[in-house]
Structure formats: C-alpha cells, structure tokens
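I have placed the structure first, in the form of structure tokens, so that the comments after it can refer back to it.
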Amino acid sequence: MKKKLWSNGDRISVFVLSDDSATHKDFCRKLLKVFPRQLESVWYRLVYSGTGEKPVSVNSEEEMIELVAKTPGAIGYIRSENMHEETKVISIK
Amino acid sequence: MKKQKLFLLSSTLFLLFSEFLLADQNEWFQRNNWSAFVSQTAIYSSDYNFLSQSDDKLSLDLWEAGLLVSTAVKDKLTFSAQILGRKVSDSSGNDLRIDYAFFSYPIYQTMNETFGLRLGRIRSSYGLYNETRDIPHTRTGIVMPQSIYFDMTRNSFYSADGIELFGYRDFDDQRLSAQIFISKPVADDDETSEVAQLTPTNLKGDKSLLVKISYGSEYDGLRSSFTYYRPEYKVDVSFPVGATTIVDKDASFYSESMISSLEYNQFDWSVTAEYLRHKFSTNIPVLENVPGRQAKNIGYEEAFYVQGLYRFSEQWESYLRYDSTERHMNRSLLDNEKWHDINVGASFRPTENWLLRTEIHYIEGLSRLLSRDNVFSSAQDPYWTAAMFQIAYKW
C-alpha cells in the first residue's frame, strides 16, 4: 500500500472503490483483514504528514476497470465475476 | 542562521532548477491533491483549566482546522504544505501557522527500497503519532496522551525548518525505515511560558536533531519505533538572586527525549504503548560566580501510556488508556511534578467525513496542565476530572 514503484520502475497508481461499496468492504475485511476505516486512517496518516498520496477513489467497478485499463502502472480490485480482458489479474495467495 | 536559511533556499532552488532543465514542461505539477478538516470540542473540567478555560464550566475554546495541498512538482519531486489553525484556550490566542511546507525527493528508489531527502518546514516524526496528532480522524481520542504528546511546548515538537534524510526497505509486508532530521526548532510563547520564572526574553531556537528508526506493519501485527529528539534553545534571562538581579544574555536550555513505541493491530482491536525518558537542562553561565548556585541544572522525567482500542463495527469504537508522567526527585513528588490520567472514550463515524466522539478523564496531578492557564498552589486538590465532546469533519 505504501509502495510507490513497480519492479520495472513505473509509478504505481492505486485506485479504490468508494467507502460505501460492498466490494470495498469485502476487500478490506476478507483480504486485508481490516475495517475500511483503519485502511483510510493509514492513508490519512501519510496524506496529512505530507509524505504520501491517497489512492484515487472511483464510484463503480466499471469505472475501476476503465481507469486501471487506461492508466499505466495502475492497480485496483473488482469482484472476480466482473473480470475484464483489458486488465491483468494478480492472484493473492 | 542566515547561512542556514540561505542553504535551505539555495538547495531548494537547485533541486527545482535541475528538475526544470531535465523536464518536459507539460509534466509539471501533476497529481494535485488537497484535503481539509475542521473540529470543535466542548470541555468541562473540575478544578483546573484543561486545554481551554474549562474550570468548572463548559468551554468551547478548543478548535482545530487544517488545509493541505500536495503536488508532484515534476516526476518524483513532490511538494506538500499544510496550514494549521488550533486554538487551545483564550490565553493562547488564535494559533494559525504553516504547519509544514517541504519538498521531497527520492534520490534512489526501487520497488522495495527508497532513500531520499526532504527540505523545508517538516513535521517531526516523534513517536508513532506526532506527525498527525492534530488531525481528529487519525488519532485515538480527543486528547492525545499528554505523557508523550504534551501540549505545553507543542510547537517545538510539531515541525521545524531543516533537512531530513529518509530511507526504507520493505521485507514482505514489513517495512524498516529510518529518518535523520536536522533543523532549527520553533520557539514561541509556549516555550517562553514554560521557563517564565527566569523572565526570559529573546528566546531563539538554536539547533535540533531527530533520529528515528521504525519497523513493522501499519495495520496488521506489530509495529515499533525508537525516536531520539533534542531541540536546543538560546535565551536571555533575568531573575532575582538575593538582593540582586542576575542578567545573562548567554543562557541556553535543551530538551532530550527518547521514545520507545510499540503497537499491535488486529482486525477489531489494537494495543499501543509508548515510553518516554525526558531530560531537560538549563545552562546559565553567569551563575558560576554566584555562591551556592549552579550554572547547569538537569532534570529528568519518565512517562508512558498504555492504550487498548476495540472496534465494535465500521462506525463505533472505544478506547481505554492509562497515561502517566513522573519527575525524578529525591523526595515525594509535588502535585505539579506528576500526571496520572485514566481515560476512556468512544467515537462514532456516521459517514466517511463526519466524526463524533466523547471521553472522560480522571486525573491525579497537574504536571501536564498549561501554566499560563492555571494558578497553582499547594492547597489545591490534585484529583480532578474532565469530560469532553468533539465533532469533526474532513474533506
């Protein structure tokens, strides 16, 4: 979450779904094992100390797919049933 | 000091100019972000004024507001600035200041390692929470643990003008990071009032060193840090000794803090503990010639807090904290040499932006009260209470 570059040197652009999204809540709880508020607190500690940037918030999974597909070095998350051919899937074990 | 300012300015201009020469101009000032927050707190306290004129009455003195901007000046060179307003009580006046305004540049950066420098007015990364202690949404409780994050000399612990070297390396999901911050500390009315018995004038920050090492994960498992911080000041003093008044225009004092911090985070609970060993020293050279007086005086105090936090749901959380400070003396401590505060609080976040919280403090001791807001005497009750409510909003 705090990383700024990919291994090839490209800048990482992070996209997240809005706070009230069920996918965002599931992503936080099931994968990161935090409440969304905790994740947000970590971002805000970076933002308000001037040492980091908050991820870009998007309103829907469709918007997430569109922005991740057209932004170099972007990463985001969607439900597996909404996978899209223009994006690359990273599996988390 | 002019040399220091000139160095900061010239270094900043060098970074900007060299980036400009190398840059495609349409890539300047990308990724502009801004955020803001505002809060209002109501405090009622028995017996003393606690961060407000709240002695036996409800006070609305305490408010906070901030506006921050950050931008990628060019590629990896970023600039961040925040204006902070925080009024603690009538006696402190409206405190509006440039909290930080600095350039940050990673000299060496890979996916897992970064080494860089920051230049300008930079937040002191003292302990786990000093960098964001004024932002309601990033702290636990309305009042920070006063043992470690005291408000008596808050400005000298907030931010300072200088240069910071920073670096980190990631090991899976753990990060090892280090910072060295060399600066000129801020000195204002807060610092002056804390040495009021010396009738100080012309108080100036001299130099300051902060070194911090931290390791761990921000939200899952353990994170730890160790901070060393030593701000030094120069001051003119005058005070009576016997029938004469001592005047010394070459006096100085410093504060030396070593903070060890641990935090363990799980999904619905967190435990945090921080321990401070604090040394403070005054040097008044003219006293070397005064019989029965010492030119150098050194004092110590130990402080710590332990805090448990439980998250009931997305919206609700509650904490319990024990906060303790004691001076090292070869006698029983006076009331203004100790601080034992048991406090409990709850917060509710109905939406991403709004925050409502309340807390209650039961305190023995007076050592973390602002001396400019209170008149102390040996006849006063060392046991007292405070209750407070806060509403905050962020954009």
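Scheme for the structure tokens: letters A, B, ... for chains in order shown; per-chain residue numbers from 1; ligand numbers from 1 in order shown.
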
For chain A, which residues have at least one atom within 12 Å of chain B, if we go by only C-alpha atoms? Write them as a CSV table (one decimal) with C-alpha atoms, in the first residue's frame, please.
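Wrote it out as out08.csv, contents follow:
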```csv
chain,number,residue,atom,x,y,z
A,1,MET,CA,0.0,0.0,0.0
A,2,LYS,CA,2.9,2.4,0.7
A,3,LYS,CA,4.9,1.2,-2.3
A,4,LYS,CA,5.4,3.8,-5.0
A,5,LEU,CA,7.2,2.0,-7.9
A,6,TRP,CA,6.8,-1.3,-9.6
A,7,SER,CA,9.8,-3.5,-10.1
A,8,ASN,CA,10.3,-2.1,-13.6
A,9,GLY,CA,10.4,1.4,-12.2
A,10,ASP,CA,6.9,2.5,-13.3
A,11,ARG,CA,5.0,4.6,-10.8
A,12,ILE,CA,2.1,2.7,-9.0
A,13,SER,CA,-1.3,4.4,-9.3
A,18,SER,CA,-15.7,4.3,-2.5
A,19,ASP,CA,-16.2,3.7,1.2
A,20,ASP,CA,-19.8,2.5,1.0
A,21,SER,CA,-19.1,-0.1,-1.8
A,25,LYS,CA,-15.8,-3.6,2.4
A,28,CYS,CA,-10.8,-4.7,3.3
A,29,ARG,CA,-12.3,-7.3,5.6
A,30,LYS,CA,-11.6,-10.5,3.8
A,31,LEU,CA,-8.3,-9.8,2.1
A,32,LEU,CA,-6.6,-7.1,4.1
A,33,LYS,CA,-8.3,-8.1,7.4
A,34,VAL,CA,-9.0,-4.5,8.4
A,35,PHE,CA,-12.1,-2.3,8.7
A,36,PRO,CA,-12.2,0.2,5.8
A,37,ARG,CA,-11.8,3.0,8.4
A,38,GLN,CA,-8.4,1.5,9.5
A,39,LEU,CA,-7.1,1.5,6.0
A,40,GLU,CA,-8.3,5.0,5.5
A,41,SER,CA,-6.5,6.0,8.7
A,42,VAL,CA,-3.2,4.7,7.3
A,43,TRP,CA,-3.7,6.7,4.1
A,44,TYR,CA,-4.6,9.8,6.0
A,45,ARG,CA,-1.6,9.5,8.2
A,46,LEU,CA,0.5,9.6,5.0
A,47,VAL,CA,-1.5,12.4,3.4
A,48,TYR,CA,-1.7,14.7,6.5
A,49,SER,CA,2.0,14.3,7.2
A,50,GLY,CA,2.7,15.2,3.6
A,51,THR,CA,4.6,12.0,3.0
A,52,GLY,CA,2.2,10.2,0.7
A,53,GLU,CA,-0.8,10.3,-1.5
A,54,LYS,CA,-4.3,9.0,-1.0
A,55,PRO,CA,-5.5,6.5,-3.7
A,56,VAL,CA,-7.9,7.7,-6.3
```

Review point. Can you list, as a PyMOL selection string, every residue of chain A that DSSP puts in helix (DSSP H, G or I)?
Key: chain A and resi 22-32+36-48+61-70+80-82

Writing out the chosen residues with N, CA and C atoms as a CSV table (one decimal), in the first residue's frame:
```csv
chain,number,residue,atom,x,y,z
A,22,ALA,N,-19.9,-2.4,-1.3
A,22,ALA,CA,-19.8,-3.7,-0.7
A,22,ALA,C,-18.5,-4.4,-1.1
A,23,THR,N,-18.1,-4.2,-2.4
A,23,THR,CA,-16.8,-4.8,-2.8
A,23,THR,C,-15.6,-4.3,-2.0
A,24,HIS,N,-15.6,-3.0,-1.8
A,24,HIS,CA,-14.6,-2.4,-1.0
A,24,HIS,C,-14.5,-2.9,0.5
A,25,LYS,N,-15.7,-3.0,1.0
A,25,LYS,CA,-15.8,-3.6,2.4
A,25,LYS,C,-15.3,-5.0,2.5
A,26,ASP,N,-15.7,-5.8,1.5
A,26,ASP,CA,-15.2,-7.2,1.4
A,26,ASP,C,-13.7,-7.3,1.2
A,27,PHE,N,-13.2,-6.4,0.3
A,27,PHE,CA,-11.8,-6.4,0.0
A,27,PHE,C,-11.0,-6.1,1.3
A,28,CYS,N,-11.5,-5.1,2.1
A,28,CYS,CA,-10.8,-4.7,3.3
A,28,CYS,C,-10.9,-5.8,4.3
A,29,ARG,N,-12.1,-6.3,4.6
A,29,ARG,CA,-12.3,-7.3,5.6
A,29,ARG,C,-11.7,-8.7,5.3
A,30,LYS,N,-11.9,-9.1,4.1
A,30,LYS,CA,-11.6,-10.5,3.8
A,30,LYS,C,-10.1,-10.7,3.4
A,31,LEU,N,-9.6,-9.7,2.6
A,31,LEU,CA,-8.3,-9.8,2.1
A,31,LEU,C,-7.2,-9.1,2.9
A,32,LEU,N,-7.6,-7.8,3.3
A,32,LEU,CA,-6.6,-7.1,4.1
A,32,LEU,C,-6.8,-7.3,5.6
A,36,PRO,N,-12.5,-0.9,6.8
A,36,PRO,CA,-12.2,0.2,5.8
A,36,PRO,C,-11.7,1.5,6.5
A,37,ARG,N,-12.2,1.8,7.7
A,37,ARG,CA,-11.8,3.0,8.4
A,37,ARG,C,-10.3,2.9,8.8
A,38,GLN,N,-9.8,1.7,9.1
A,38,GLN,CA,-8.4,1.5,9.5
A,38,GLN,C,-7.5,1.8,8.3
A,39,LEU,N,-7.9,1.3,7.2
A,39,LEU,CA,-7.1,1.5,6.0
A,39,LEU,C,-7.1,2.9,5.6
A,40,GLU,N,-8.2,3.6,5.8
A,40,GLU,CA,-8.3,5.0,5.5
A,40,GLU,C,-7.4,5.8,6.5
A,41,SER,N,-7.4,5.4,7.7
A,41,SER,CA,-6.5,6.0,8.7
A,41,SER,C,-5.0,6.0,8.3
A,42,VAL,N,-4.6,4.8,7.8
A,42,VAL,CA,-3.2,4.7,7.3
A,42,VAL,C,-3.0,5.7,6.2
A,43,TRP,N,-3.9,5.7,5.2
A,43,TRP,CA,-3.7,6.7,4.1
A,43,TRP,C,-3.7,8.1,4.6
A,44,TYR,N,-4.6,8.4,5.5
A,44,TYR,CA,-4.6,9.8,6.0
A,44,TYR,C,-3.4,10.2,6.8
A,45,ARG,N,-2.8,9.2,7.5
A,45,ARG,CA,-1.6,9.5,8.2
A,45,ARG,C,-0.5,9.9,7.2
A,46,LEU,N,-0.5,9.2,6.0
A,46,LEU,CA,0.5,9.6,5.0
A,46,LEU,C,0.2,10.9,4.4
A,47,VAL,N,-1.1,11.1,4.1
A,47,VAL,CA,-1.5,12.4,3.4
A,47,VAL,C,-1.3,13.6,4.3
A,48,TYR,N,-1.8,13.5,5.6
A,48,TYR,CA,-1.7,14.7,6.5
A,48,TYR,C,-0.3,14.9,7.0
A,61,GLU,N,-17.3,-0.4,-10.2
A,61,GLU,CA,-16.4,-1.4,-10.7
A,61,GLU,C,-16.1,-1.1,-12.2
A,62,GLU,N,-17.2,-0.6,-12.9
A,62,GLU,CA,-17.0,-0.3,-14.3
A,62,GLU,C,-15.9,0.9,-14.5
A,63,GLU,N,-16.1,1.9,-13.6
A,63,GLU,CA,-15.1,3.0,-13.7
A,63,GLU,C,-13.7,2.5,-13.3
A,64,MET,N,-13.7,1.6,-12.3
A,64,MET,CA,-12.4,1.0,-11.9
A,64,MET,C,-11.7,0.3,-13.1
A,65,ILE,N,-12.5,-0.5,-13.8
A,65,ILE,CA,-11.9,-1.2,-15.0
A,65,ILE,C,-11.4,-0.3,-16.0
A,66,GLU,N,-12.2,0.8,-16.3
A,66,GLU,CA,-11.8,1.8,-17.3
A,66,GLU,C,-10.6,2.5,-16.9
A,67,LEU,N,-10.5,2.9,-15.7
A,67,LEU,CA,-9.3,3.7,-15.3
A,67,LEU,C,-8.0,2.9,-15.1
A,68,VAL,N,-8.2,1.7,-14.6
A,68,VAL,CA,-7.0,0.8,-14.5
A,68,VAL,C,-6.5,0.4,-15.9
A,69,ALA,N,-7.4,0.2,-16.8
A,69,ALA,CA,-7.0,-0.2,-18.1
A,69,ALA,C,-6.3,0.9,-18.9
A,70,LYS,N,-6.7,2.1,-18.6
A,70,LYS,CA,-6.0,3.2,-19.4
A,70,LYS,C,-4.9,4.0,-18.7
A,80,SER,N,-14.4,-11.1,-8.9
A,80,SER,CA,-13.8,-11.9,-9.9
A,80,SER,C,-14.8,-12.1,-11.1
A,81,GLU,N,-16.1,-12.1,-10.8
A,81,GLU,CA,-17.1,-12.3,-11.9
A,81,GLU,C,-17.1,-11.1,-12.8
A,82,ASN,N,-16.5,-10.0,-12.4
A,82,ASN,CA,-16.5,-8.8,-13.3
A,82,ASN,C,-15.2,-8.6,-14.0
```

Point to revise | Residue neighbourhood B:Ser255, 6 Å, only C-alpha atoms, exclusion window fewer than 6 positions, as a PyMOL selection string | key: chain B and resi 230-231+279-280

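Here the DSSP assignment of strand (DSSP E or B), based on backbone atoms, applies within chain A to Leu5, Arg11, Ser13, Val14, Phe15, Val16, Leu17, Val56, Ser57, Val58, Ala74 and Ile75 of chain A.
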
Review point. What's the 6 Å shell around B:Tyr44, counting only C-alpha atoms, without same-chain residues fewer than 3 positions away, as a PyMOL selection string?
Key: chain B and resi 54+57-58+386-387

Point to revise | Coordinates-based distance that separates atom CA of B:Tyr322 from atom CA of B:Asp61 (Å, one decimal) | key: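 Straight-line distance from atom CA of B:Asp61 to atom CA of B:Tyr322 works out to 25.3 Å.
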